[in-house]
Amino acid sequence: MNKIIHDFIKEIDSRNSHEPEFMQAVREVSEDLIPYIVGQKIYHGKNILMRMIEPERVVMFRVNWIDDSGEIRVNRGYRVEMNSAIGPYKGGLRFHPTVNLSILKFLAFEQVFKNSLTTLPMGGGKGGSDFDPKNKSDGEVMRFCQSFMTELYRHIGPNTDIPAGDIGVGGREIGYLFGQYKRLKNEFTGVLTGKGVSWGGSLIRPEATGYGTVYFAEDMLNHIGDSIKGKTVTISGSGNVAQYAAEKCIHLGAKVLTMSDSSGYVFDKDGIHEEKLNYIMDIKNNKRGRISDYIKKYPKAEFKKNKTPWEVKCEIALPSATQNELNGDDAKLLVKNGCICVAEGANMPCNSDAIKTFKFNKVLFAPGKASNAGGVAVSGLEMAQNSLRYSWSREEVDEKLKEIMIKIHKKCLKHGKTKDYIDYGKGANISAFIKVADAMLAQGVV
Ligand code: NDP
Ligand code: 2IT
């Protein structure tokens, strides 16, 4: 078996060796899937995984825009349309200076599996740009978004490809992107999700990824007769996912000890309670400031410059910032300090060594494609509401989100349960694969 996996990875690597994040995601999935596929007559010998690894289409384009000083700027835009077997391409847009094809292909590949797990009819895609929205004026962000959409609009549509937010793309950016799409097409459709509630957005969409991650952690703990209530939690990031993960932890009676950004983390041993979290939301969302501003208002807390939160003793860790932000040494420290549960709010935040450490030590570990699927799931519910020309209440959407997270948990159990451990990664990969592979087989070699 190891040889089959090795040869397969070697072949994929020969085509994608310059794409380390993409190869990392492919390797993790292949190690779970190849042993499964080999034992299944209907999938074996059909090159099905190879077909899933190759994007159906990638578009790359120039994005010119003019900054406030009148200078012409050039960025690169992308959309990776990975797989449309079970529905139109669906996935976020990331605006961050580190964005490149490797990162977007890894995100699009993971998205295919994640979207399959949600039970909703969505294929997978991802896009974005190396544009950095930090320290840009609203006018600059608007002009960039308009220029980006002026090319992207011809590749997307409410039944073709439906982008949403990700790092650096929140409500403001979705608004500017939607405005430009509507103007170019003269159509008011659900072509993007994460829209404002008064213009086609869904209640609970901003909260969905963070809430869903915590619901999933609670499902894992409930399964072993435990719960989040009273537990200590470390969270990384202080953006959309981290903020609402923190909010749900607080609602469920846990104590949130940390939040972070790319300059370091804050440690508040008294717990980041609701009022403190509101302050963080104001700093990050309205003032577009830094997490270090927290200690100006709460001087009893500490700011650890250029450090990550994993050195803080906790029972639950929710990495919710970015890929590969938690490595093998971090994982060892978390285990040593008594951490029993890790749910990924971000995409691939734990590197391969970290995952191995968690599995070896039988820590409950949820991969992002399962635990952070609540965001895209509510995007799917936003699409459904747009098609119905109707909107559901907060309670209705939250209830549907909870049900979806429970269903994902059950799917992971079905294929991930071993004698004394639940391998949520394997369970998620196999469950997600079956739905996509069956659809691909039914649709022929296309
Ligand atoms: P935001 O842009 O709202 O926030 C990102 C946060 O992560 C910020 O605190 C940011 O800090 C930090 N961060 C970004 N890059 C780095 C880095 N290289 N090192 C350290 N910290 C970093 O993004 P989201 O909260 O939406 O996304 C966070 C993660 O969750 C991503 O992995 C995304 O793919 C994933 N995700 C998002 C979903 C969504 O619905 N938004 C759905 C599912 C997953 P700083 O401000 O300093 O850059
Ligand atoms: O990674 C993700 O799932 C997202 N950024 C959300 C995608 C979406 O279409 O809502």
# chains A, B, ... in the order shown; residues from 1 in each chain; ligands from 1

call {"tool": "residues_around", "arguments": {"residues": "Asn83 in chain A", "least_positions_apart": "5", "cutoff": "12 Å", "atoms": "only C-alpha atoms", "output": "count of residues only"}}
result
37

call {"tool": "residues_near_ligand", "arguments": {"ligand": "ligand 1", "cutoff": "7 Å", "atoms": "only C-alpha atoms and all ligand atoms", "output": "number ranges by chain"}}
result
A: 165-170, 209, 237-242, 260-263, 290, 320-323, 325, 345-347, 349, 372-373, 375-376

call {"tool": "residues_around", "arguments": {"residues": "Asn361 in chain A", "least_positions_apart": "4", "cutoff": "9 Å", "atoms": "only C-alpha atoms", "output": "ChimeraX atom specification"}}
result
/A:335,356-357

call {"tool": "atom_distance", "arguments": {"atom1": "CA of Asn324 in chain A", "atom2": "CA of Leu104 in chain A"}}
result
14.4 Å

call {"tool": "closest_residue", "arguments": {"among": "A:Gly139, A:Pro319, A:Gly92, A:Gly444", "to": "ligand 2", "atoms": "only C-alpha atoms and all ligand atoms"}}
result
A:Gly92

call {"tool": "select_by_dssp", "arguments": {"residues": "range 184-429 of chain A", "states": "helix (DSSP H, G or I)", "output": "VMD selection string"}}
result
chain A and resid 184 to 185 197 to 199 205 to 223 240 to 251 274 to 286 291 to 297 309 to 311 328 to 336 352 to 360 368 to 371 374 to 388 394 to 416 424 to 429

call {"tool": "write_last_selection", "arguments": {"atoms": "C-alpha atoms", "output": "tab-separated table (two decimals), in the first residue's frame"}}
result
chain	number	residue	atom	x	y	z
A	184	LEU	CA	-21.82	44.85	-15.57
A	185	LYS	CA	-24.54	42.21	-15.94
A	197	VAL	CA	-28.78	41.20	4.89
A	198	SER	CA	-30.73	44.03	3.23
A	199	TRP	CA	-29.46	43.08	-0.23
A	205	ARG	CA	-23.56	33.97	7.56
A	206	PRO	CA	-20.97	36.21	9.31
A	207	GLU	CA	-21.15	34.04	12.43
A	208	ALA	CA	-21.42	30.68	10.64
A	209	THR	CA	-17.80	29.53	10.35
A	210	GLY	CA	-16.87	30.35	13.94
A	211	TYR	CA	-20.14	29.09	15.40
A	212	GLY	CA	-19.95	25.93	13.28
A	213	THR	CA	-16.40	25.21	14.45
A	214	VAL	CA	-17.49	25.41	18.07
A	215	TYR	CA	-20.64	23.33	17.40
A	216	PHE	CA	-18.37	20.70	15.89
A	217	ALA	CA	-15.98	20.76	18.87
A	218	GLU	CA	-19.02	20.41	21.13
A	219	ASP	CA	-20.27	17.45	19.05
A	220	MET	CA	-16.86	15.75	19.41
A	221	LEU	CA	-16.83	16.33	23.17
A	222	ASN	CA	-20.47	15.28	23.62
A	223	HIS	CA	-19.64	12.04	21.83
A	240	ASN	CA	-14.18	36.72	11.09
A	241	VAL	CA	-13.73	33.08	12.09
A	242	ALA	CA	-11.87	33.72	15.34
A	243	GLN	CA	-14.31	36.40	16.52
A	244	TYR	CA	-17.40	34.23	16.21
A	245	ALA	CA	-15.64	31.12	17.48
A	246	ALA	CA	-14.82	33.15	20.59
A	247	GLU	CA	-18.40	34.42	20.85
A	248	LYS	CA	-19.88	30.92	20.72
A	249	CYS	CA	-17.33	29.59	23.26
A	250	ILE	CA	-18.35	32.38	25.64
A	251	HIS	CA	-22.07	31.62	25.07
A	274	GLU	CA	-18.30	39.35	25.84
A	275	GLU	CA	-17.52	43.02	26.51
A	276	LYS	CA	-13.83	42.44	25.79
A	277	LEU	CA	-14.69	40.57	22.61
A	278	ASN	CA	-16.88	43.47	21.48
A	279	TYR	CA	-13.85	45.70	21.94
A	280	ILE	CA	-11.76	43.35	19.74
A	281	MET	CA	-14.51	43.36	17.09
A	282	ASP	CA	-14.51	47.15	17.12
A	283	ILE	CA	-10.69	47.31	16.82
A	284	LYS	CA	-10.56	44.78	13.98
A	285	ASN	CA	-13.76	45.47	12.02
A	286	ASN	CA	-14.34	49.22	12.38
A	291	ILE	CA	-4.85	42.94	18.39
A	292	SER	CA	-2.07	44.58	20.47
A	293	ASP	CA	-4.49	47.51	21.02
A	294	TYR	CA	-6.33	45.18	23.44
A	295	ILE	CA	-3.86	45.82	26.24
A	296	LYS	CA	-4.42	49.56	26.03
A	297	LYS	CA	-7.93	48.97	27.34
A	309	PRO	CA	-0.97	31.17	21.31
A	310	TRP	CA	-0.05	27.46	21.45
A	311	GLU	CA	2.32	27.94	24.41
A	328	GLY	CA	4.69	19.65	15.48
A	329	ASP	CA	6.43	21.36	18.41
A	330	ASP	CA	3.32	23.44	19.12
A	331	ALA	CA	1.23	20.26	19.06
A	332	LYS	CA	3.59	18.51	21.51
A	333	LEU	CA	3.37	21.46	23.86
A	334	LEU	CA	-0.43	21.53	23.65
A	335	VAL	CA	-0.59	17.81	24.45
A	336	LYS	CA	1.87	18.21	27.33
A	352	SER	CA	1.35	17.28	9.00
A	353	ASP	CA	3.62	16.84	12.03
A	354	ALA	CA	1.06	18.48	14.29
A	355	ILE	CA	-1.73	16.24	13.01
A	356	LYS	CA	0.44	13.15	13.55
A	357	THR	CA	1.14	14.27	17.13
A	358	PHE	CA	-2.56	14.80	17.86
A	359	LYS	CA	-3.50	11.41	16.43
A	360	PHE	CA	-0.67	9.62	18.24
A	368	GLY	CA	-11.00	22.20	8.79
A	369	LYS	CA	-12.93	20.57	5.97
A	370	ALA	CA	-15.28	19.19	8.64
A	371	SER	CA	-15.14	21.72	11.47
A	374	GLY	CA	-20.42	25.83	8.66
A	375	GLY	CA	-19.38	28.95	6.75
A	376	VAL	CA	-19.85	27.52	3.29
A	377	ALA	CA	-22.90	25.60	4.51
A	378	VAL	CA	-24.65	28.86	5.40
A	379	SER	CA	-23.42	30.24	2.07
A	380	GLY	CA	-25.35	27.32	0.55
A	381	LEU	CA	-28.37	28.35	2.61
A	382	GLU	CA	-27.91	31.93	1.34
A	383	MET	CA	-28.02	30.58	-2.23
A	384	ALA	CA	-31.19	28.64	-1.41
A	385	GLN	CA	-32.83	31.75	0.07
A	386	ASN	CA	-31.81	33.82	-2.98
A	387	SER	CA	-33.37	31.23	-5.31
A	388	LEU	CA	-36.55	31.19	-3.22
A	394	ARG	CA	-31.81	33.91	12.61
A	395	GLU	CA	-33.18	30.99	14.61
A	396	GLU	CA	-34.07	29.00	11.48
A	397	VAL	CA	-30.63	29.44	9.93
A	398	ASP	CA	-28.83	28.70	13.21
A	399	GLU	CA	-30.89	25.53	13.66
A	400	LYS	CA	-30.06	24.38	10.11
A	401	LEU	CA	-26.37	25.14	10.76
A	402	LYS	CA	-26.39	23.03	13.94
A	403	GLU	CA	-28.12	20.16	12.10
A	404	ILE	CA	-25.56	20.30	9.29
A	405	MET	CA	-22.64	20.20	11.76
A	406	ILE	CA	-24.22	17.17	13.47
A	407	LYS	CA	-24.61	15.44	10.10
A	408	ILE	CA	-20.95	16.13	9.26
A	409	HIS	CA	-19.94	14.71	12.64
A	410	LYS	CA	-21.93	11.54	11.92
A	411	LYS	CA	-20.32	11.20	8.48
A	412	CYS	CA	-16.87	11.44	10.09
A	413	LEU	CA	-17.80	8.75	12.60
A	414	LYS	CA	-19.06	6.44	9.88
A	415	HIS	CA	-15.74	6.22	8.09
A	416	GLY	CA	-13.30	7.34	10.78
A	424	TYR	CA	-12.02	12.55	11.93
A	425	GLY	CA	-9.65	13.37	9.06
A	426	LYS	CA	-10.01	9.95	7.48
A	427	GLY	CA	-13.76	9.90	8.12
A	428	ALA	CA	-14.18	13.32	6.49
A	429	ASN	CA	-12.02	12.46	3.49

call {"tool": "residues_around", "arguments": {"residues": "Leu441 in chain A", "least_positions_apart": "5", "cutoff": "9 Å", "atoms": "only C-alpha atoms", "output": "ChimeraX atom specification"}}
result
/A:42-43,46,48,436
